[in-house]
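> If it helps, the file is called query.csv and holds CSV, C-alpha atoms:
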chain,number,residue,atom,x,y,z
S,672,MET,CA,0.0,0.0,0.0
S,673,GLU,CA,0.9,3.6,-0.5
S,674,LEU,CA,1.5,5.8,2.6
S,675,TYR,CA,1.7,9.6,2.2
S,676,LEU,CA,3.1,11.8,5.0
S,677,ILE,CA,2.0,15.5,4.6
S,678,ARG,CA,3.3,18.4,6.7
S,679,HIS,CA,0.8,21.1,7.7
S,680,GLY,CA,1.0,24.4,5.8
S,681,ILE,CA,2.5,27.7,7.1
S,682,ALA,CA,1.0,28.6,10.5
S,683,ALA,CA,0.6,31.8,12.5
S,684,LEU,CA,3.5,32.7,14.8
S,685,ARG,CA,3.7,31.0,18.2
S,686,GLU,CA,3.9,34.3,20.1
S,687,ASN,CA,0.4,35.3,19.1
S,688,TYR,CA,-1.2,32.2,20.6
S,689,ALA,CA,-1.3,31.1,24.2
S,690,LYS,CA,-1.5,27.4,23.1
S,691,ASP,CA,0.7,26.0,20.3
S,692,GLU,CA,-2.1,23.6,19.3
S,693,GLU,CA,-4.4,26.4,18.5
S,694,ARG,CA,-2.3,28.2,15.9
S,695,PRO,CA,-4.2,28.3,12.5
S,696,LEU,CA,-2.7,28.4,9.0
S,697,THR,CA,-2.0,31.9,7.7
S,698,ASP,CA,-3.6,33.1,4.5
S,699,LYS,CA,-0.4,32.3,2.6
S,700,GLY,CA,-0.3,28.9,4.2
S,701,ARG,CA,-3.9,28.2,3.2
S,702,GLN,CA,-3.2,29.4,-0.4
S,703,LYS,CA,0.0,27.3,-0.9
S,704,THR,CA,-1.6,24.2,0.7
S,705,ALA,CA,-4.6,24.6,-1.6
S,706,LYS,CA,-2.3,24.9,-4.7
S,707,VAL,CA,-0.4,21.7,-3.7
S,708,ALA,CA,-3.7,19.9,-3.1
S,709,LYS,CA,-5.1,20.9,-6.5
S,710,GLN,CA,-1.9,19.8,-8.3
S,711,LEU,CA,-1.9,16.4,-6.4
S,712,HIS,CA,-5.5,15.9,-7.4
S,713,ALA,CA,-4.9,16.8,-11.0
S,714,ARG,CA,-2.1,14.2,-11.1
S,715,GLY,CA,-4.6,11.5,-10.0
S,716,LEU,CA,-3.7,11.1,-6.4
S,717,ARG,CA,-6.6,9.9,-4.1
S,718,PHE,CA,-6.5,8.8,-0.5
S,719,ASP,CA,-8.8,6.2,0.9
S,720,LEU,CA,-8.4,7.9,4.3
S,721,ILE,CA,-6.6,10.9,5.8
S,722,LEU,CA,-5.5,10.7,9.5
S,723,THR,CA,-4.6,14.0,10.9
S,724,SER,CA,-2.9,15.4,14.0
S,725,PRO,CA,-5.6,17.0,16.2
S,726,LEU,CA,-3.7,20.4,16.2
S,727,VAL,CA,-5.6,23.2,14.4
S,728,ARG,CA,-2.9,23.8,11.7
S,729,ALA,CA,-2.9,20.1,10.8
S,730,ARG,CA,-6.7,19.8,10.9
S,731,GLU,CA,-7.0,22.8,8.6
S,732,THR,CA,-4.5,21.3,6.2
S,733,ALA,CA,-6.4,18.0,6.2
S,734,THR,CA,-9.6,19.9,5.4
S,735,ILE,CA,-8.0,21.7,2.5
S,736,LEU,CA,-6.9,18.3,1.1
S,737,GLN,CA,-10.4,16.9,1.6
S,738,ASP,CA,-12.0,20.0,-0.1
S,739,ALA,CA,-9.7,19.5,-3.1
S,740,GLY,CA,-11.2,16.1,-3.6
S,741,LEU,CA,-8.2,14.1,-2.4
S,742,ALA,CA,-10.3,12.1,0.1
S,743,SER,CA,-13.8,11.8,1.4
S,744,HIS,CA,-12.8,10.6,4.9
S,745,VAL,CA,-10.7,12.5,7.5
S,746,GLU,CA,-10.2,11.3,11.1
S,747,GLU,CA,-8.2,12.8,13.9
S,748,PHE,CA,-5.5,10.6,15.4
S,749,ALA,CA,-3.9,11.7,18.7
S,750,ALA,CA,-0.6,10.0,18.1
S,751,LEU,CA,0.0,12.3,15.1
S,752,ALA,CA,0.4,15.3,17.4
S,753,PRO,CA,4.1,16.5,17.9
S,754,ASP,CA,6.2,13.9,19.6
S,755,GLY,CA,3.6,11.3,19.0
S,756,ASN,CA,4.4,7.6,19.4
S,757,ILE,CA,4.9,5.7,16.1
S,758,ALA,CA,4.1,2.5,17.9
S,759,THR,CA,0.5,3.7,18.4
S,760,TRP,CA,0.1,4.2,14.7
S,761,LEU,CA,1.7,0.9,13.9
S,762,GLY,CA,-0.8,-0.8,16.1
S,763,TRP,CA,-3.7,0.9,14.4
S,764,LEU,CA,-2.2,0.0,11.0
S,765,GLU,CA,-1.9,-3.7,11.9
S,766,GLN,CA,-5.3,-4.0,13.5
S,767,ARG,CA,-7.6,-1.9,11.4
S,768,TRP,CA,-6.0,-1.2,8.0
S,769,GLN,CA,-3.2,-3.3,6.7
S,770,GLN,CA,-5.1,-6.6,6.3
S,771,GLU,CA,-7.5,-5.1,3.8
S,772,ALA,CA,-5.2,-2.4,2.4
S,773,ARG,CA,-3.6,-3.9,-0.6
S,774,ASP,CA,-3.8,-1.2,-3.4
S,775,LYS,CA,-5.0,1.3,-0.8
S,776,SER,CA,-3.7,4.8,-0.2
S,777,LEU,CA,-3.4,6.4,3.2
S,778,ALA,CA,-2.4,9.9,4.2
S,779,LEU,CA,-1.1,11.2,7.5
S,780,VAL,CA,-1.1,14.9,8.2
S,781,GLY,CA,1.2,16.0,10.9
S,782,HIS,CA,4.4,17.7,12.0
S,783,GLN,CA,8.2,17.8,11.7
S,784,PRO,CA,10.5,16.3,12.7
S,785,ASP,CA,8.2,13.4,13.4
S,786,LEU,CA,7.0,12.7,9.9
S,787,GLY,CA,10.5,12.7,8.4
S,788,ASN,CA,11.7,10.5,11.3
S,789,TRP,CA,8.9,8.1,10.7
S,790,ALA,CA,9.6,7.9,7.0
S,791,GLU,CA,13.3,7.2,7.6
S,792,THR,CA,12.3,4.5,10.1
S,793,PHE,CA,9.9,2.8,7.6
S,794,VAL,CA,12.5,2.9,4.8
S,795,TRP,CA,15.9,2.6,6.4
S,796,GLY,CA,15.0,1.2,9.9
S,797,GLU,CA,16.2,4.3,11.8
S,798,ALA,CA,15.7,8.1,11.9
S,799,GLN,CA,18.7,10.3,11.1
S,800,GLU,CA,16.8,13.6,10.3
S,801,LYS,CA,18.2,13.6,6.7
S,802,LEU,CA,14.9,14.3,4.9
S,803,VAL,CA,14.0,17.9,4.2
S,804,LEU,CA,10.1,18.1,4.5
S,805,LYS,CA,8.9,21.7,3.9
S,806,LYS,CA,5.5,23.0,5.1
S,807,ALA,CA,2.8,21.6,2.9
S,808,GLY,CA,5.4,19.2,1.5
S,809,ILE,CA,4.7,15.5,0.9
S,810,ILE,CA,6.5,12.1,1.3
S,811,GLY,CA,5.3,9.0,-0.5
S,812,ILE,CA,6.3,5.5,0.6
S,813,ASN,CA,5.4,2.0,-0.5
S,814,ILE,CA,4.9,-0.1,2.6
S,815,PRO,CA,4.5,-3.9,2.5
S,816,ASP,CA,1.0,-5.4,2.9
S,817,THR,CA,1.7,-8.2,5.2
S,818,GLN,CA,4.6,-7.3,7.5
S,819,SER,CA,5.9,-4.5,9.6
S,820,PRO,CA,6.9,-1.5,7.5
S,821,ILE,CA,10.0,-0.8,9.7
S,822,GLY,CA,13.0,-0.9,7.4
S,823,GLN,CA,11.0,-2.7,4.7
S,824,SER,CA,9.5,0.2,2.8
S,825,GLU,CA,10.6,2.2,-0.3
S,826,LEU,CA,10.6,5.9,-0.8
S,827,PHE,CA,9.2,7.1,-4.1
S,828,LEU,CA,8.3,10.7,-3.5
S,829,LEU,CA,9.7,13.7,-1.5
S,830,SER,CA,8.5,17.0,-2.7
S,831,SER,CA,7.5,20.5,-1.6
S,832,PRO,CA,5.3,23.5,-2.8
S,833,LYS,CA,8.2,24.7,-4.9
S,834,TRP,CA,7.9,21.6,-7.1
S,835,LEU,CA,4.2,21.0,-6.7
S,836,ALA,CA,2.2,24.2,-6.3
G,4,MET,CA,25.7,23.1,-2.9
G,5,GLU,CA,22.8,21.4,-4.6
G,6,LEU,CA,23.3,18.2,-6.4
G,7,TYR,CA,20.6,16.8,-8.7
G,8,LEU,CA,20.7,13.2,-10.0
G,9,ILE,CA,18.5,12.6,-13.1
G,10,ARG,CA,17.8,9.3,-14.7
G,11,HIS,CA,17.6,9.1,-18.5
G,12,GLY,CA,14.2,8.9,-20.1
G,13,ILE,CA,12.5,5.8,-21.6
G,14,ALA,CA,14.9,4.1,-24.1
G,15,ALA,CA,14.5,1.7,-27.0
G,16,LEU,CA,14.4,-2.0,-26.2
G,17,ARG,CA,17.7,-3.7,-25.7
G,18,GLU,CA,16.9,-6.5,-28.3
G,19,ASN,CA,16.9,-4.0,-31.1
G,20,TYR,CA,20.5,-2.8,-30.5
G,21,ALA,CA,23.7,-4.7,-30.7
G,22,LYS,CA,25.3,-2.4,-28.1
G,23,ASP,CA,23.4,-1.3,-25.0
G,24,GLU,CA,25.2,2.0,-25.0
G,25,GLU,CA,23.7,2.9,-28.4
G,26,ARG,CA,20.1,2.7,-27.4
G,27,PRO,CA,18.4,6.0,-28.0
G,28,LEU,CA,15.3,7.5,-26.2
G,29,THR,CA,12.0,6.5,-27.7
G,30,ASP,CA,9.6,9.2,-29.0
G,31,LYS,CA,7.6,8.8,-25.7
G,32,GLY,CA,10.8,9.0,-23.7
G,33,ARG,CA,11.8,12.2,-25.5
G,34,GLN,CA,8.3,13.8,-24.9
G,35,LYS,CA,8.1,12.9,-21.2
G,36,THR,CA,11.7,14.1,-20.6
G,37,ALA,CA,11.0,17.4,-22.4
G,38,LYS,CA,7.8,17.9,-20.3
G,39,VAL,CA,9.8,17.3,-17.1
G,40,ALA,CA,12.5,19.6,-18.2
G,41,LYS,CA,10.0,22.4,-19.1
G,42,GLN,CA,8.4,22.1,-15.6
G,43,LEU,CA,11.7,22.1,-13.8
G,44,HIS,CA,12.7,25.3,-15.8
G,45,ALA,CA,9.3,26.9,-15.0
G,46,ARG,CA,9.9,26.3,-11.3
G,47,GLY,CA,13.2,28.2,-11.4
G,48,LEU,CA,15.7,25.3,-11.5
G,49,ARG,CA,19.0,26.0,-13.2
G,50,PHE,CA,22.2,24.0,-13.3
G,51,ASP,CA,25.7,25.5,-13.5
G,52,LEU,CA,26.8,22.3,-15.2
G,53,ILE,CA,25.4,19.0,-16.3
G,54,LEU,CA,27.6,16.0,-16.3
G,55,THR,CA,26.2,13.1,-18.3
G,56,SER,CA,26.9,9.4,-18.7
G,57,PRO,CA,28.4,8.9,-22.2
G,58,LEU,CA,25.6,6.4,-23.2
G,59,VAL,CA,23.3,7.6,-26.0
G,60,ARG,CA,20.1,7.6,-23.9
G,61,ALA,CA,21.8,9.7,-21.2
G,62,ARG,CA,23.4,12.1,-23.6
G,63,GLU,CA,20.0,12.6,-25.3
G,64,THR,CA,18.4,13.3,-21.9
G,65,ALA,CA,21.1,15.8,-21.1
G,66,THR,CA,20.6,17.6,-24.4
G,67,ILE,CA,16.9,17.8,-23.7
G,68,LEU,CA,17.6,19.4,-20.3
G,69,GLN,CA,20.0,21.8,-22.0
G,70,ASP,CA,17.6,22.7,-24.8
G,71,ALA,CA,14.9,23.5,-22.1
G,72,GLY,CA,17.3,26.2,-20.8
G,73,LEU,CA,18.2,24.3,-17.6
G,74,ALA,CA,22.0,24.6,-18.3
G,75,SER,CA,24.4,26.1,-20.8
G,76,HIS,CA,27.1,23.6,-20.2
G,77,VAL,CA,27.0,19.8,-20.7
G,78,GLU,CA,30.1,17.5,-20.3
G,79,GLU,CA,30.4,13.7,-20.7
G,80,PHE,CA,31.8,11.9,-17.6
G,81,ALA,CA,32.8,8.3,-18.1
G,82,ALA,CA,32.2,7.3,-14.4
G,83,LEU,CA,28.5,8.0,-14.9
G,84,ALA,CA,28.1,5.0,-17.2
G,85,PRO,CA,26.4,2.0,-15.6
G,86,ASP,CA,28.4,0.5,-12.7
G,87,GLY,CA,30.6,3.6,-12.7
G,88,ASN,CA,32.8,4.3,-9.7
G,89,ILE,CA,31.5,6.9,-7.3
G,90,ALA,CA,35.1,7.5,-6.1
G,91,THR,CA,36.0,8.9,-9.5
G,92,TRP,CA,33.3,11.4,-9.3
G,93,LEU,CA,34.1,12.3,-5.7
G,94,GLY,CA,37.7,13.1,-6.8
G,95,TRP,CA,36.4,15.3,-9.6
G,96,LEU,CA,34.1,17.1,-7.1
G,97,GLU,CA,36.9,17.7,-4.6
G,98,GLN,CA,39.5,18.9,-7.2
G,99,ARG,CA,37.5,20.9,-9.6
G,100,TRP,CA,34.2,21.9,-8.2
G,101,GLN,CA,33.5,21.8,-4.5
G,102,GLN,CA,36.0,24.6,-3.5
G,103,GLU,CA,34.2,27.2,-5.6
G,104,ALA,CA,30.7,25.6,-5.5
G,105,ARG,CA,28.9,27.4,-2.7
G,106,ASP,CA,25.4,28.2,-3.9
G,107,LYS,CA,26.1,26.3,-7.1
G,108,SER,CA,23.9,23.6,-8.6
G,109,LEU,CA,25.2,20.5,-10.4
G,110,ALA,CA,23.3,17.9,-12.3
G,111,LEU,CA,24.4,14.3,-13.0
G,112,VAL,CA,22.5,12.4,-15.8
G,113,GLY,CA,22.9,8.6,-15.5
G,114,HIS,CA,21.5,5.2,-14.7
G,115,GLN,CA,19.8,3.1,-12.1
G,116,PRO,CA,20.6,1.6,-9.7
G,117,ASP,CA,23.7,3.7,-9.6
G,118,LEU,CA,22.1,7.1,-9.1
G,119,GLY,CA,19.8,5.9,-6.2
G,120,ASN,CA,22.8,4.1,-4.6
G,121,TRP,CA,24.9,7.2,-4.8
G,122,ALA,CA,22.1,9.3,-3.3
G,123,GLU,CA,21.7,6.9,-0.4
G,124,THR,CA,25.4,6.9,0.1
G,125,PHE,CA,25.6,10.7,0.2
G,126,VAL,CA,22.7,11.0,2.6
G,127,TRP,CA,22.8,7.9,4.8
G,128,GLY,CA,26.3,6.6,4.3
G,129,GLU,CA,25.4,3.4,2.6
G,130,ALA,CA,23.3,2.1,-0.3
G,131,GLN,CA,20.2,0.0,0.4
G,132,GLU,CA,18.4,0.4,-2.9
G,133,LYS,CA,15.3,1.9,-1.2
G,134,LEU,CA,14.9,4.9,-3.5
G,135,VAL,CA,12.5,4.5,-6.4
G,136,LEU,CA,13.9,6.6,-9.2
G,137,LYS,CA,11.7,6.4,-12.4
G,138,LYS,CA,13.0,7.1,-15.9
G,139,ALA,CA,13.3,10.9,-16.3
G,140,GLY,CA,12.9,11.2,-12.5
G,141,ILE,CA,15.0,13.4,-10.3
G,142,ILE,CA,16.7,13.4,-6.9
G,143,GLY,CA,17.8,16.6,-5.2
G,144,ILE,CA,20.4,16.6,-2.4
G,145,ASN,CA,22.1,19.3,-0.4
G,146,ILE,CA,25.8,18.4,-0.1
G,147,PRO,CA,28.2,20.2,2.2
G,148,ASP,CA,30.7,22.7,0.7
G,149,THR,CA,33.8,21.8,2.6
G,150,GLN,CA,33.8,18.1,3.4
G,151,SER,CA,33.0,14.7,1.9
G,152,PRO,CA,29.3,14.4,1.0
G,153,ILE,CA,29.3,10.7,2.2
G,154,GLY,CA,26.7,10.4,5.0
G,155,GLN,CA,26.7,14.2,5.4
G,156,SER,CA,24.1,15.3,2.9
G,157,GLU,CA,20.3,15.9,3.0
G,158,LEU,CA,17.6,14.7,0.7
G,159,PHE,CA,15.1,17.4,-0.3
G,160,LEU,CA,13.6,16.1,-3.6
G,161,LEU,CA,12.6,12.7,-5.1
G,162,SER,CA,10.2,13.0,-7.9
G,163,SER,CA,9.1,11.4,-11.2
G,164,PRO,CA,7.2,12.4,-14.4
G,165,LYS,CA,3.9,11.5,-12.7
G,166,TRP,CA,4.4,14.4,-10.3
G,167,LEU,CA,6.5,16.7,-12.6
G,168,ALA,CA,5.5,16.4,-16.3
Translate this structure into structure tokens?

Amino acid sequence: MELYLIRHGIAALRENYAKDEERPLTDKGRQKTAKVAKQLHARGLRFDLILTSPLVRARETATILQDAGLASHVEEFAALAPDGNIATWLGWLEQRWQQEARDKSLALVGHQPDLGNWAETFVWGEAQEKLVLKKAGIIGINIPDTQSPIGQSELFLLSSPKWLA
Amino acid sequence: MELYLIRHGIAALRENYAKDEERPLTDKGRQKTAKVAKQLHARGLRFDLILTSPLVRARETATILQDAGLASHVEEFAALAPDGNIATWLGWLEQRWQQEARDKSLALVGHQPDLGNWAETFVWGEAQEKLVLKKAGIIGINIPDTQSPIGQSELFLLSSPKWLA
């Protein structure tokens, strides 16, 4: 199955919000994210499901992807918040998704450095923070259908608004 | 500096050519490669130099990139042929290019699995063949200006005609 890791768009500055999790996308962030979403849709990408971090800037990004027609279903997933635990997501994958997921496409919307670290862990077995994932950028990975993705996956896409919007 | 690794476009079948190195791009290969080149140019990409494998399908790809305005200089480089030796290229980089290459952009046109293996070696220190680089696809890497790139580089782009053309 295909797994896409998408970083939220440009968000409002931290100093203007009491709680980090409440920071929304800026106008520019919304525009760039919508352009990326439109391009991805035009190139035929569709997700069977989007899981998003519960933080406002991630939820807004997921909604933009949904509104562009990339997916009909969006669900919040607590472990996609900053410093979330990859093991929680792996458990979810194994129990609910992977068995029936051949030829399916799943998107996770979240934060750096977590998404890059997860991608490196899936592909090379460990995180070295060597992937540059820009805001509203996307990573695409082929993960195996019947075993753990850790160190068993392939990277086929790493791109950013510069190349996509 | 930025290093781009670009795989040649779709080439004629091996059975129709006595020598593998003489296989040219097909019409479809030329068209797809030209579309990718046009998009890369529109997004502001420019190379200070393109080094190409001496094989026909690579030289033709390099010429298409040059004709799209991506670079004014193209040179053949024997070590970019299949199974070429990365050490030869590293020696060239150190002697001729890296000293004066801050803010410069260099493209290598060549073959799989070599290009993917080189990219993994630059970024993670060893090749595991986990990067999917399609024909006319591109890898973008930030390599350090003053030391060996091996295991010291960052990956910022991995894309293919599906996402670029």
> Let's have chain G fitted on chain S; use all the C-alpha atoms paired in order for the least-squares step and return it as a compact mmCIF listing (two decimals) with C-alpha atoms, in the coordinates of the input.

# COMPACT_ATOMS: atom_id res chain seq x y z
CA MET G 4 0.02 -0.02 0.03
CA GLU G 5 0.95 3.60 -0.42
CA LEU G 6 1.50 5.78 2.53
CA TYR G 7 1.75 9.57 2.15
CA LEU G 8 3.04 11.81 4.97
CA ILE G 9 2.06 15.51 4.59
CA ARG G 10 3.25 18.34 6.73
CA HIS G 11 0.80 21.11 7.64
CA GLY G 12 1.05 24.38 5.80
CA ILE G 13 2.54 27.68 7.07
CA ALA G 14 0.99 28.56 10.50
CA ALA G 15 0.61 31.72 12.54
CA LEU G 16 3.50 32.71 14.78
CA ARG G 17 3.71 30.99 18.11
CA GLU G 18 3.93 34.36 20.07
CA ASN G 19 0.43 35.26 19.06
CA TYR G 20 -1.20 32.15 20.61
CA ALA G 21 -1.32 31.05 24.17
CA LYS G 22 -1.52 27.39 23.10
CA ASP G 23 0.64 26.03 20.28
CA GLU G 24 -2.06 23.61 19.30
CA GLU G 25 -4.44 26.48 18.47
CA ARG G 26 -2.32 28.12 15.86
CA PRO G 27 -4.17 28.27 12.59
CA LEU G 28 -2.72 28.38 8.98
CA THR G 29 -1.95 31.84 7.73
CA ASP G 30 -3.66 33.14 4.55
CA LYS G 31 -0.40 32.31 2.63
CA GLY G 32 -0.29 28.89 4.23
CA ARG G 33 -3.89 28.22 3.20
CA GLN G 34 -3.20 29.35 -0.46
CA LYS G 35 0.00 27.33 -0.89
CA THR G 36 -1.63 24.21 0.66
CA ALA G 37 -4.67 24.56 -1.62
CA LYS G 38 -2.37 24.92 -4.69
CA VAL G 39 -0.49 21.75 -3.67
CA ALA G 40 -3.66 19.91 -3.08
CA LYS G 41 -5.12 20.96 -6.50
CA GLN G 42 -1.92 19.71 -8.25
CA LEU G 43 -1.87 16.44 -6.39
CA HIS G 44 -5.61 15.91 -7.38
CA ALA G 45 -4.81 16.84 -11.02
CA ARG G 46 -2.09 14.20 -11.09
CA GLY G 47 -4.53 11.47 -10.06
CA LEU G 48 -3.70 11.13 -6.33
CA ARG G 49 -6.51 9.96 -4.10
CA PHE G 50 -6.50 8.84 -0.49
CA ASP G 51 -8.84 6.21 0.97
CA LEU G 52 -8.43 7.94 4.32
CA ILE G 53 -6.64 10.86 5.84
CA LEU G 54 -5.57 10.69 9.40
CA THR G 55 -4.66 14.06 10.87
CA SER G 56 -2.89 15.36 13.96
CA PRO G 57 -5.55 17.00 16.18
CA LEU G 58 -3.68 20.40 16.17
CA VAL G 59 -5.54 23.25 14.43
CA ARG G 60 -2.92 23.81 11.70
CA ALA G 61 -2.97 20.10 10.81
CA ARG G 62 -6.71 19.78 10.88
CA GLU G 63 -6.97 22.84 8.59
CA THR G 64 -4.46 21.25 6.18
CA ALA G 65 -6.43 18.05 6.17
CA THR G 66 -9.66 19.88 5.41
CA ILE G 67 -7.96 21.62 2.53
CA LEU G 68 -6.84 18.25 1.11
CA GLN G 69 -10.39 16.96 1.57
CA ASP G 70 -12.02 19.99 -0.03
CA ALA G 71 -9.66 19.52 -3.11
CA GLY G 72 -11.31 16.08 -3.58
CA LEU G 73 -8.23 14.11 -2.44
CA ALA G 74 -10.28 12.11 0.17
CA SER G 75 -13.81 11.72 1.43
CA HIS G 76 -12.82 10.62 4.85
CA VAL G 77 -10.77 12.53 7.48
CA GLU G 78 -10.19 11.25 11.09
CA GLU G 79 -8.22 12.84 13.97
CA PHE G 80 -5.45 10.58 15.41
CA ALA G 81 -3.92 11.73 18.66
CA ALA G 82 -0.51 9.99 18.02
CA LEU G 83 0.04 12.35 15.10
CA ALA G 84 0.45 15.34 17.40
CA PRO G 85 4.04 16.50 17.86
CA ASP G 86 6.27 13.89 19.57
CA GLY G 87 3.54 11.30 19.00
CA ASN G 88 4.40 7.63 19.33
CA ILE G 89 4.92 5.78 16.09
CA ALA G 90 4.08 2.50 17.90
CA THR G 91 0.52 3.68 18.40
CA TRP G 92 0.09 4.23 14.78
CA LEU G 93 1.74 0.94 13.86
CA GLY G 94 -0.82 -0.86 16.09
CA TRP G 95 -3.67 0.97 14.37
CA LEU G 96 -2.21 -0.01 10.95
CA GLU G 97 -1.86 -3.68 11.89
CA GLN G 98 -5.36 -4.01 13.52
CA ARG G 99 -7.54 -1.93 11.35
CA TRP G 100 -5.99 -1.23 8.04
CA GLN G 101 -3.11 -3.26 6.73
CA GLN G 102 -5.06 -6.60 6.33
CA GLU G 103 -7.48 -5.09 3.83
CA ALA G 104 -5.15 -2.35 2.45
CA ARG G 105 -3.67 -3.84 -0.70
CA ASP G 106 -3.73 -1.18 -3.38
CA LYS G 107 -5.03 1.31 -0.84
CA SER G 108 -3.60 4.76 -0.18
CA LEU G 109 -3.40 6.40 3.26
CA ALA G 110 -2.42 9.89 4.15
CA LEU G 111 -1.06 11.11 7.52
CA VAL G 112 -1.14 14.94 8.16
CA GLY G 113 1.28 15.99 10.94
CA HIS G 114 4.45 17.66 12.07
CA GLN G 115 8.18 17.79 11.68
CA PRO G 116 10.49 16.26 12.67
CA ASP G 117 8.14 13.44 13.38
CA LEU G 118 6.95 12.75 9.85
CA GLY G 119 10.54 12.69 8.36
CA ASN G 120 11.69 10.46 11.28
CA TRP G 121 8.86 8.06 10.69
CA ALA G 122 9.62 7.95 6.96
CA GLU G 123 13.27 7.19 7.60
CA THR G 124 12.28 4.55 10.06
CA PHE G 125 9.91 2.86 7.60
CA VAL G 126 12.45 2.91 4.80
CA TRP G 127 15.86 2.59 6.43
CA GLY G 128 15.06 1.27 9.87
CA GLU G 129 16.19 4.25 11.82
CA ALA G 130 15.74 8.03 11.94
CA GLN G 131 18.65 10.31 11.03
CA GLU G 132 16.76 13.50 10.31
CA LYS G 133 18.13 13.68 6.73
CA LEU G 134 14.82 14.30 4.97
CA VAL G 135 13.92 17.91 4.28
CA LEU G 136 10.16 18.10 4.51
CA LYS G 137 8.86 21.71 3.89
CA LYS G 138 5.52 23.00 5.16
CA ALA G 139 2.77 21.58 2.90
CA GLY G 140 5.37 19.13 1.50
CA ILE G 141 4.77 15.47 0.94
CA ILE G 142 6.52 12.11 1.30
CA GLY G 143 5.32 9.01 -0.51
CA ILE G 144 6.32 5.51 0.62
CA ASN G 145 5.42 2.03 -0.50
CA ILE G 146 4.85 -0.11 2.61
CA PRO G 147 4.46 -3.87 2.50
CA ASP G 148 0.96 -5.40 2.91
CA THR G 149 1.72 -8.25 5.22
CA GLN G 150 4.57 -7.33 7.53
CA SER G 151 5.93 -4.47 9.63
CA PRO G 152 6.83 -1.45 7.48
CA ILE G 153 9.96 -0.79 9.69
CA GLY G 154 13.04 -0.96 7.41
CA GLN G 155 10.96 -2.73 4.74
CA SER G 156 9.48 0.14 2.79
CA GLU G 157 10.55 2.19 -0.28
CA LEU G 158 10.67 5.90 -0.79
CA PHE G 159 9.21 7.05 -4.11
CA LEU G 160 8.26 10.73 -3.48
CA LEU G 161 9.69 13.72 -1.51
CA SER G 162 8.43 16.98 -2.71
CA SER G 163 7.53 20.53 -1.59
CA PRO G 164 5.37 23.48 -2.82
CA LYS G 165 8.30 24.73 -4.92
CA TRP G 166 7.99 21.65 -7.11
CA LEU G 167 4.20 20.99 -6.65
CA ALA G 168 2.18 24.24 -6.25
> Using only C-alpha atoms - which residues lie no farther than 10 Å from the point (0.1, 28.9, 0.4) in the file's frame? Write them as a list in words.
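The answer, in the requested form, is Gly680, Ile681, Leu696, Thr697, Asp698, Lys699, Gly700, Arg701, Gln702, Lys703, Thr704, Ala705, Lys706, Val707, Lys806, Ala807, Pro832 and Ala836 of chain S.
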> Please provide the set of residues having any atom within 9 Å of Gly715 (chain S), restricted to all atoms listed in the file, with same-chain residues fewer than 3 positions apart removed, written as a ChimeraX atom specification.
/S:710-712,741 /G:165
> Under the rule that all atoms listed in the file are counted, which of S:Arg678, S:Arg767, S:Arg714, S:Arg730 is the nearest residue to chain G?
S:Arg714
> Tell me which protein, DNA and RNA residues are within 8 Å of Arg49 (chain G), counting only C-alpha atoms, leaving out same-chain ones fewer than 6 positions away, and put them as a ChimeraX atom specification.
/G:72-74,108
> So how far away is CA of Ile53 (chain G) from CA of Glu103 (chain G), in Å?
16.1 Å
> Just give me the gap between CA of Leu52 (chain G) and CA of Ile153 (chain G) in Å, one decimal is fine.
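If I compute the distance from CA of Leu52 (chain G) to CA of Ile153 (chain G), I get 21.1 Å.
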> Quote the spacing between CA of Gln101 (chain G) and CA of Asp117 (chain G) in Å to one decimal place.
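CA of Gln101 (chain G) sits 21.2 Å away from CA of Asp117 (chain G).
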> Which residue gives the smallest distance to Leu16 (chain G) among G:Arg60, G:Ser75, G:Pro85, G:Asp70, with only C-alpha atoms counted?
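Checking each candidate against Leu16 (chain G), we get G:Arg60 as the closest.
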